[in-house]
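A.B. asks: Take this structure first; my questions come after.
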Amino acid sequence: MAQAVEPAQYPPPFDEADLIKQPTDPEDERIEVGIAIVGGGPAGLACANRLLDRLEDEPELAEKLGEVPVAVLEKGKVAGAHELSGANMKPHVMRELFPDLQPEDWPFAYQEVTKDAVYLLTKRAALPLVPMPPNFRNHGNYVISVSKLARFLAEKAEEKGAYILTETVADALLVEDRIVKGVRSGDRGRGKDGEPLGNFEPGSDVVAKATVLAEGTLGHLTQAATEYFDLAGSLPVRWELGVKEVWEVQKPLDKVIHTMGWPLRKAAKWNEFGGSFIYPMGEDKLCIGMVIGLDYTDSTLSCHDLLQELKTHPFVRKLLEGGKRVAWGAKTIPSGGYFAMPRSLAVPGMVIAGDAASMVNVPTLKGVHYALRAGMLAADAIVDSLKQDSVNFENYHEAVHKSEIGEDLFESRNMRAPFSKGFFIGGAIASAMTITKGAFPGGKWSYEPDTEIPMRDGGASKRYPEPDNELTFNKLDSVFLSGNATRDDAPNHVRIQRHVPRELAKTWVNLCPAQVYEIPEDQLENGAPTVDVHVTASNCVQCGAINAKGGRLTMPEGGDGPLYQET
Amino acid sequence: MAGILVYALHDDEGNFNNNSLGAISEAAKLVGSVGGEAAALVVGDVDDAACAGLGKYGATKVYRAKSVPEGLAQPIVDAMAKVMTDNSISYALFGGGLLGFEIGAGLTARLNAGVTMEVTSVKAEGDKLIAERPVLQDSAVVDVGYVGEPGIIIGRLNAFDAQESGSGDATVEDVEVELSEWSTKARMITRGESGDEGGVNIEDADILVGAGRGLGSPENLSVAEDLANALGGAVASTRAIVDAGWTPYSTQIGQTGKTVAPKLYLAAGISGAIQHKVGMQNSENIVAVNKDPNAPIFEFSDLGIVGDLHKILPKLTEAIKAKKGG
């Protein structure tokens, strides 16, 4: 039996410090904006909308911010192209941001949740959990598509005067005298080995009075800033991976469903924490997703294939009968919660908002409304400070902690950790935590970083079904459905060691839902303890999971990656 | 208004492009419903016989603009716009290719027309044309109609088959075109296919042997090349082997490579991922050799052979040589 391998022993060839730069373009060639927002997701675009609302009443400040008061840098082809979530959204923050709109007018919302249920799955049966664990209650929330939400928010922000720079990557953080001055956008038109091609365009310095890092899960610059400004929280950031499909179905689903148990294994040694979600999307569609904590131990575990396996369960198969898969995607979810949030959410010239700052409540599976809230609070703090010619945005940090973000995340601060004791014991402790709002047993439950969990072959992949192309699908077909058509001669944006122990290589091969990593065929069975890893970077849908298992995702060329429509 | 105008691209030797000929055949098929003539526009000093010869593919009329240079889009937009307007032609049809896209886009802007790109098929409803184009990464096909005229239809590469069905020669009419000021600002200095190291344009080949990772190593490419030579075809590649550096990018078939529709596509050691499939699914006959009976390629092959390609391909090559020799 092969030796267990800790991914952290094989760190990626990457130095976060390389992402901290000073402006280098001549002054007259720099792109000057008022506020630079990195990331066109719920946090960044809520911030943009709120900023422009506020600037309406602050003509003096608006004047000072120049021709481009608010710019949003979005790496996807459009805002929303890289957005994926469940998603059940608590509606109140959206109502606050757009008081004139009713939920019926939200083009990204499918329906209000009127009924929900949680099932414990065994291999053959689905047992409803009654009473339902309170954290799963979604009554009054809305089933939405974040991919559509981002498109909507971008449209509204543009109407108000924001510049949405799509296909634009923020590749470095511009810092002078420990004050953030903006970002440097990524180069375009480089070849496989980084050589400039005929259509090469170098990046530019985008200088700003305030920079908002709203990069989402695994922020490229957020990680660099965390190291440079020493912002790490008291526990390491950690993630779960979600793979999601949208199906057209024959009959509408009447409730929001969560499942626990099968196909995940209960024993503590596997450390398989997760479950599935199945949400109705109007009369003719539903979405189904599988989520797994990336502290699992089996090098053959594949979240994509777990989802395929889940669909073969009689209970799930029935819901999909006669239907057709119309979308697929994958994304990590920051799950460290309260203690993993940056120690400070603001440094001079910059703030961090949304998933980038681990603003996700894992037990309730909620993050969208926190992202919206954080974006709005960031906008308020920036306007208030810039009005006084200050780039100190510390009042944002306080505002977040006084808001529902700080309060909710504090209550659920320890809820995820006990599950490494196995499903039932963990579940019991977490329930006690919920009932006491986190007071029992209190304190701080520590955990290892995901990368320090030793990986060994636990045989999970033996059960995965062969794709039948009706109910179950392979990874490459799925990548195709994500809309990913990245050019093949783009530089590789994935940093990993290329020759590693077999168990680590297997971990990457199985982990990645997009078939980016492969062990060459002649080394699959040759018994050698170490193997080469082949990387097909153009398959990447930028879910970020590789970071949890010893890699570092960097920014590809702007516009690369998936083009999600309604995930 | 009536009639369909096709832009007939030719090389320096005066040979017409296969995609243009396909577009002429398509126009000939449709013109019965639209009314008017299936016409072609030829630029440059192409002789009468060559122009009239387009009649073989179904053109009844050929407009020749001798003074307009071949190769750049804007002068040809000038010529197309003039012929379309002077003769009240309803539709312009392009066979595909970069130049077709560029001219088509320019012409659309010039005539304030409607345009559909990446069209794979055209049908007539009454005297109107409806273009079919795949959308959402080819997962669905939509019908696109035109609310007014003229309508511009730009085909996907190899969407239309060149068919020698027409009767006699086409009438040739010379047209004088005054070039716009901006059309003369750029000129062609050199012209060449980029990246076709092998000298074969796989988009034009009637027979392709598709080489995949199942070949095992770059040394084994010769097995595919020998077969392609025996068949009188060329070797095409999957992304995986281009990525591994076995073959040049110019031979890559698929979503991020070329789209082909040869008469025979013989897939050797290709699993048939959808990214490859979308580049060759319109081939007339697909034959697959793969050792894995569950390979997806067998789901869309006309003939599938489960077995070791290192044994099967050389035997096939021998048999074809023997047959051709005899």
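Residues in the structure tokens are numbered from 1 in each chain, the chains being A, B, ... in the order shown, and ligands are numbered from 1 in the order shown.
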Name all residues at most 8 Å from stretch 302-307 of chain B (count only C-alpha atoms; drop same-chain ones fewer than 4 positions away) and give them as a VMD selection string.

C.D. replies: chain B and resid 285 to 293 298 312

A.B. asks: Generate the output file for the selected residues, N, CA and C atoms, as a compact mmCIF listing (two decimals), in the first residue's frame.

C.D. replies:
```
# COMPACT_ATOMS: atom_id res chain seq x y z
N ASN B 285 -18.39 10.05 -43.90
CA ASN B 285 -18.23 8.71 -43.33
C ASN B 285 -17.19 8.77 -42.23
N ILE B 286 -17.55 8.23 -41.09
CA ILE B 286 -16.59 8.22 -39.98
C ILE B 286 -16.28 6.77 -39.62
N VAL B 287 -14.99 6.46 -39.66
CA VAL B 287 -14.54 5.12 -39.30
C VAL B 287 -13.62 5.29 -38.09
N ALA B 288 -13.83 4.49 -37.05
CA ALA B 288 -13.01 4.64 -35.85
C ALA B 288 -12.31 3.33 -35.52
N VAL B 289 -11.04 3.46 -35.18
CA VAL B 289 -10.28 2.32 -34.68
C VAL B 289 -9.83 2.67 -33.27
N ASN B 290 -10.25 1.89 -32.29
CA ASN B 290 -9.89 2.17 -30.91
C ASN B 290 -9.91 0.88 -30.12
N LYS B 291 -8.98 0.76 -29.18
CA LYS B 291 -8.93 -0.50 -28.41
C LYS B 291 -9.99 -0.53 -27.31
N ASP B 292 -10.53 0.65 -26.96
CA ASP B 292 -11.52 0.71 -25.89
C ASP B 292 -12.94 0.64 -26.47
N PRO B 293 -13.64 -0.46 -26.23
CA PRO B 293 -14.99 -0.59 -26.82
C PRO B 293 -15.97 0.45 -26.29
N PHE B 298 -17.29 5.65 -30.85
CA PHE B 298 -18.10 4.63 -31.51
C PHE B 298 -19.58 5.02 -31.57
N ILE B 312 -3.94 -2.99 -37.03
CA ILE B 312 -4.98 -2.78 -38.06
C ILE B 312 -4.55 -1.78 -39.12
```

A.B. asks: Please return, as a short mmCIF file (atom, residue, chain, number, x, y, z; two decimals) with N, CA and C atoms, in the first residue's frame, all residues of chain A lying within 10 Å of chain B when only C-alpha atoms are considered.

C.D. replies:
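Now in iface27.cif:
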```
data_model
loop_
_atom_site.label_atom_id
_atom_site.label_comp_id
_atom_site.auth_asym_id
_atom_site.auth_seq_id
_atom_site.Cartn_x
_atom_site.Cartn_y
_atom_site.Cartn_z
N LYS A 192 2.26 29.82 -25.32
CA LYS A 192 2.41 28.75 -24.34
C LYS A 192 3.58 28.97 -23.38
N VAL A 326 -28.58 20.75 -18.84
CA VAL A 326 -28.35 21.91 -19.69
C VAL A 326 -27.19 22.79 -19.22
N GLU A 466 -20.00 4.39 -14.69
CA GLU A 466 -19.56 4.70 -16.05
C GLU A 466 -20.57 5.69 -16.64
N PRO A 467 -20.11 6.78 -17.24
CA PRO A 467 -21.07 7.74 -17.80
C PRO A 467 -21.96 7.08 -18.86
N ASP A 468 -23.27 7.35 -18.81
CA ASP A 468 -24.17 6.82 -19.83
C ASP A 468 -24.64 7.91 -20.80
N ASN A 469 -24.17 9.14 -20.56
CA ASN A 469 -24.50 10.29 -21.41
C ASN A 469 -25.98 10.65 -21.41
N ASN A 474 -19.11 12.32 -18.29
CA ASN A 474 -17.70 12.41 -17.94
C ASN A 474 -17.28 13.88 -17.79
N LYS A 475 -16.06 14.06 -17.37
CA LYS A 475 -15.59 15.42 -17.07
C LYS A 475 -15.46 16.28 -18.33
N LEU A 476 -14.92 15.70 -19.41
CA LEU A 476 -14.69 16.52 -20.61
C LEU A 476 -15.99 17.02 -21.23
N ASP A 477 -17.00 16.15 -21.29
CA ASP A 477 -18.30 16.58 -21.80
C ASP A 477 -18.83 17.72 -20.94
N SER A 478 -18.57 17.63 -19.65
CA SER A 478 -19.08 18.64 -18.72
C SER A 478 -18.37 19.97 -18.92
N VAL A 479 -17.05 19.91 -19.12
CA VAL A 479 -16.29 21.14 -19.37
C VAL A 479 -16.84 21.84 -20.62
N PHE A 480 -17.16 21.03 -21.61
CA PHE A 480 -17.72 21.58 -22.85
C PHE A 480 -19.00 22.35 -22.56
N LEU A 481 -19.84 21.75 -21.71
CA LEU A 481 -21.12 22.36 -21.38
C LEU A 481 -20.95 23.66 -20.56
N SER A 482 -19.79 23.81 -19.92
CA SER A 482 -19.56 25.02 -19.13
C SER A 482 -19.31 26.23 -20.03
N GLY A 483 -19.19 25.96 -21.34
CA GLY A 483 -18.93 27.07 -22.26
C GLY A 483 -17.46 27.42 -22.37
N ASN A 484 -16.62 26.57 -21.80
CA ASN A 484 -15.18 26.85 -21.83
C ASN A 484 -14.62 26.54 -23.21
N ALA A 485 -14.08 27.54 -23.88
CA ALA A 485 -13.42 27.33 -25.17
C ALA A 485 -12.10 28.08 -25.18
N THR A 486 -11.33 27.90 -24.12
CA THR A 486 -10.07 28.62 -23.98
C THR A 486 -9.08 28.16 -25.05
N ARG A 487 -8.34 29.11 -25.61
CA ARG A 487 -7.39 28.73 -26.66
C ARG A 487 -6.31 27.84 -26.06
N ASP A 488 -5.83 26.91 -26.87
CA ASP A 488 -4.93 25.89 -26.35
C ASP A 488 -3.50 26.37 -26.18
N ASP A 489 -3.15 27.47 -26.84
CA ASP A 489 -1.76 27.91 -26.74
C ASP A 489 -1.58 29.02 -25.71
N GLU A 521 -0.23 7.92 -19.61
CA GLU A 521 -0.77 6.56 -19.64
C GLU A 521 0.27 5.50 -19.26
N ASP A 522 1.51 5.70 -19.75
CA ASP A 522 2.52 4.67 -19.49
C ASP A 522 3.01 4.67 -18.04
N HIS A 534 0.68 15.71 -16.11
CA HIS A 534 0.43 16.48 -17.32
C HIS A 534 -0.72 17.47 -17.04
N VAL A 535 -0.54 18.71 -17.47
CA VAL A 535 -1.54 19.75 -17.18
C VAL A 535 -2.17 20.26 -18.48
N THR A 536 -3.49 20.14 -18.60
CA THR A 536 -4.21 20.75 -19.73
C THR A 536 -4.93 21.97 -19.18
N SER A 538 -6.11 24.59 -20.43
CA SER A 538 -7.25 25.20 -21.12
C SER A 538 -8.58 24.57 -20.69
N LEU A 563 -18.03 29.98 -19.44
CA LEU A 563 -19.00 31.05 -19.71
C LEU A 563 -20.33 30.56 -19.16
N GLN A 565 -24.01 30.42 -17.77
CA GLN A 565 -25.20 31.19 -18.14
C GLN A 565 -26.20 31.28 -16.99
#
```

A.B. asks: Which residues are near B:Asp45? Cut-off 8 Å, only C-alpha atoms, ignore same chain within fewer than 3 positions. Put them as a list of chain:residue names.

C.D. replies: B:Ala65, B:Lys66, B:Ser67

A.B. asks: Output the selection as an mmCIF file, in the first residue's frame - C-alpha atoms for each residue.

C.D. replies:
```cif
data_model
loop_
_atom_site.group_PDB
_atom_site.id
_atom_site.type_symbol
_atom_site.label_atom_id
_atom_site.label_comp_id
_atom_site.auth_asym_id
_atom_site.auth_seq_id
_atom_site.Cartn_x
_atom_site.Cartn_y
_atom_site.Cartn_z
ATOM 1 C CA ALA B 65 -14.491 43.412 -61.184
ATOM 2 C CA LYS B 66 -11.087 43.379 -62.865
ATOM 3 C CA SER B 67 -9.703 46.455 -61.165
#
```

A.B. asks: Rounded to one decimal, what separation in Å do you get between atom CA of A:Lys209 and atom CA of A:Phe393?

C.D. replies: 11.3 Å

A.B. asks: Just list as a PyMOL selection string whatever in stretch 298-537 of chain A DSSP marks as alpha helix (DSSP H).

C.D. replies: chain A and resi 303-311+314-320+368-387+394-402+404-411+423-435+475-481+502-511

A.B. asks: Near A:Asn88, counting only C-alpha atoms, which residues have an atom at most 12 Å away, once you skip same-chain residues fewer than 3 positions from it, shown as a ChimeraX atom specification?

C.D. replies: /A:84-85,91,108-114,116,136-146,255-258,277-281,287,364-369

A.B. asks: I'd like the contact shell of stretch 16-19 of chain B - 7 Å cut-off, only C-alpha atoms, skipping same-chain residues fewer than 4 positions apart - returned as a list in words.

C.D. replies: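 Close residues of stretch 16-19 of chain B: Ala8, Leu9, His10, Asp11, Ala23, Gly95, Gly96, Leu157, Asn158, Phe160 and Ala162 of chain B.
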
A.B. asks: Tell me, as a ChimeraX atom specification, which residues lie within 8 Å of stretch 150-163 of chain A, counting only C-alpha atoms; anything in the same chain fewer than 5 positions away does not count.

C.D. replies: /A:40-42,45-46,48-49,52-53,68-72,78-80,83,107-108

A.B. asks: How about saving the chosen residues, C-alpha atoms kept, as a CSV table (one decimal), in the first residue's frame?

C.D. replies:
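For reference, result-v9.csv as written:
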```
chain,number,residue,atom,x,y,z
A,40,GLY,CA,-17.7,41.5,-10.9
A,41,GLY,CA,-19.6,39.2,-8.5
A,42,PRO,CA,-22.2,40.0,-5.9
A,45,LEU,CA,-21.1,44.8,-8.1
A,46,ALA,CA,-23.2,45.6,-4.9
A,48,ALA,CA,-20.3,49.5,-7.4
A,49,ASN,CA,-24.1,50.1,-7.3
A,52,LEU,CA,-22.8,55.3,-7.5
A,53,ASP,CA,-25.9,55.7,-5.5
A,68,VAL,CA,-14.0,57.0,-14.3
A,69,PRO,CA,-15.3,57.1,-10.8
A,70,VAL,CA,-15.9,53.4,-10.5
A,71,ALA,CA,-14.3,50.6,-12.5
A,72,VAL,CA,-15.0,46.9,-12.1
A,78,VAL,CA,-19.0,38.9,-19.0
A,79,ALA,CA,-20.0,39.6,-15.4
A,80,GLY,CA,-21.4,36.3,-14.3
A,83,GLU,CA,-20.2,32.9,-11.1
A,107,PRO,CA,-34.6,38.5,-13.5
A,108,PHE,CA,-32.1,36.3,-11.6
```

A.B. asks: List as a list in words the protein and nucleic acid residues near A:Ser335, meaning an atom at most 10 Å away when only C-alpha atoms are counted, but skip any in the same chain fewer than 2 places from it.

C.D. replies: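 Once the nearby chain positions are removed, what remains is Thr217, Val237, Arg238, Trp239, Glu240, Leu241, Gly293, Leu294, Thr332, Ile333, Gly337, Tyr338, Ala340, Met341, Asp355, Ser358, Met359, Val360, Asn361, Val362, Pro363, Leu365 and Arg416 of chain A.
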
A.B. asks: Could you write those residues out with C-alpha atoms, as a short mmCIF file (atom, residue, chain, number, x, y, z; two decimals), in the first residue's frame?

C.D. replies:
```cif
data_model
loop_
_atom_site.label_atom_id
_atom_site.label_comp_id
_atom_site.auth_asym_id
_atom_site.auth_seq_id
_atom_site.Cartn_x
_atom_site.Cartn_y
_atom_site.Cartn_z
CA THR A 217 -13.24 32.35 -3.42
CA VAL A 237 -8.72 29.54 5.23
CA ARG A 238 -10.31 26.32 4.00
CA TRP A 239 -12.69 25.30 1.28
CA GLU A 240 -15.32 22.96 0.08
CA LEU A 241 -15.79 22.09 -3.56
CA GLY A 293 -15.10 19.58 2.25
CA LEU A 294 -11.58 19.59 0.82
CA THR A 332 -14.95 26.20 -4.31
CA ILE A 333 -16.72 27.67 -1.29
CA GLY A 337 -15.94 30.98 8.59
CA TYR A 338 -15.40 33.46 11.38
CA ALA A 340 -10.60 32.26 8.92
CA MET A 341 -11.68 35.79 8.00
CA ASP A 355 -16.04 35.21 -0.47
CA SER A 358 -14.45 33.93 3.83
CA MET A 359 -17.84 35.59 4.40
CA VAL A 360 -19.77 32.34 4.12
CA ASN A 361 -21.98 30.74 6.75
CA VAL A 362 -21.36 27.04 6.10
CA PRO A 363 -24.07 25.50 8.29
CA LEU A 365 -25.11 27.40 3.18
CA ARG A 416 -17.71 22.87 10.75
#
```

A.B. asks: Counting only C-alpha atoms, which residue out of A:Thr211, A:Ser403, A:Ser147, A:Asn492 sits closest to A:Ala225?

C.D. replies: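 The closest residue to A:Ala225 is A:Thr211.
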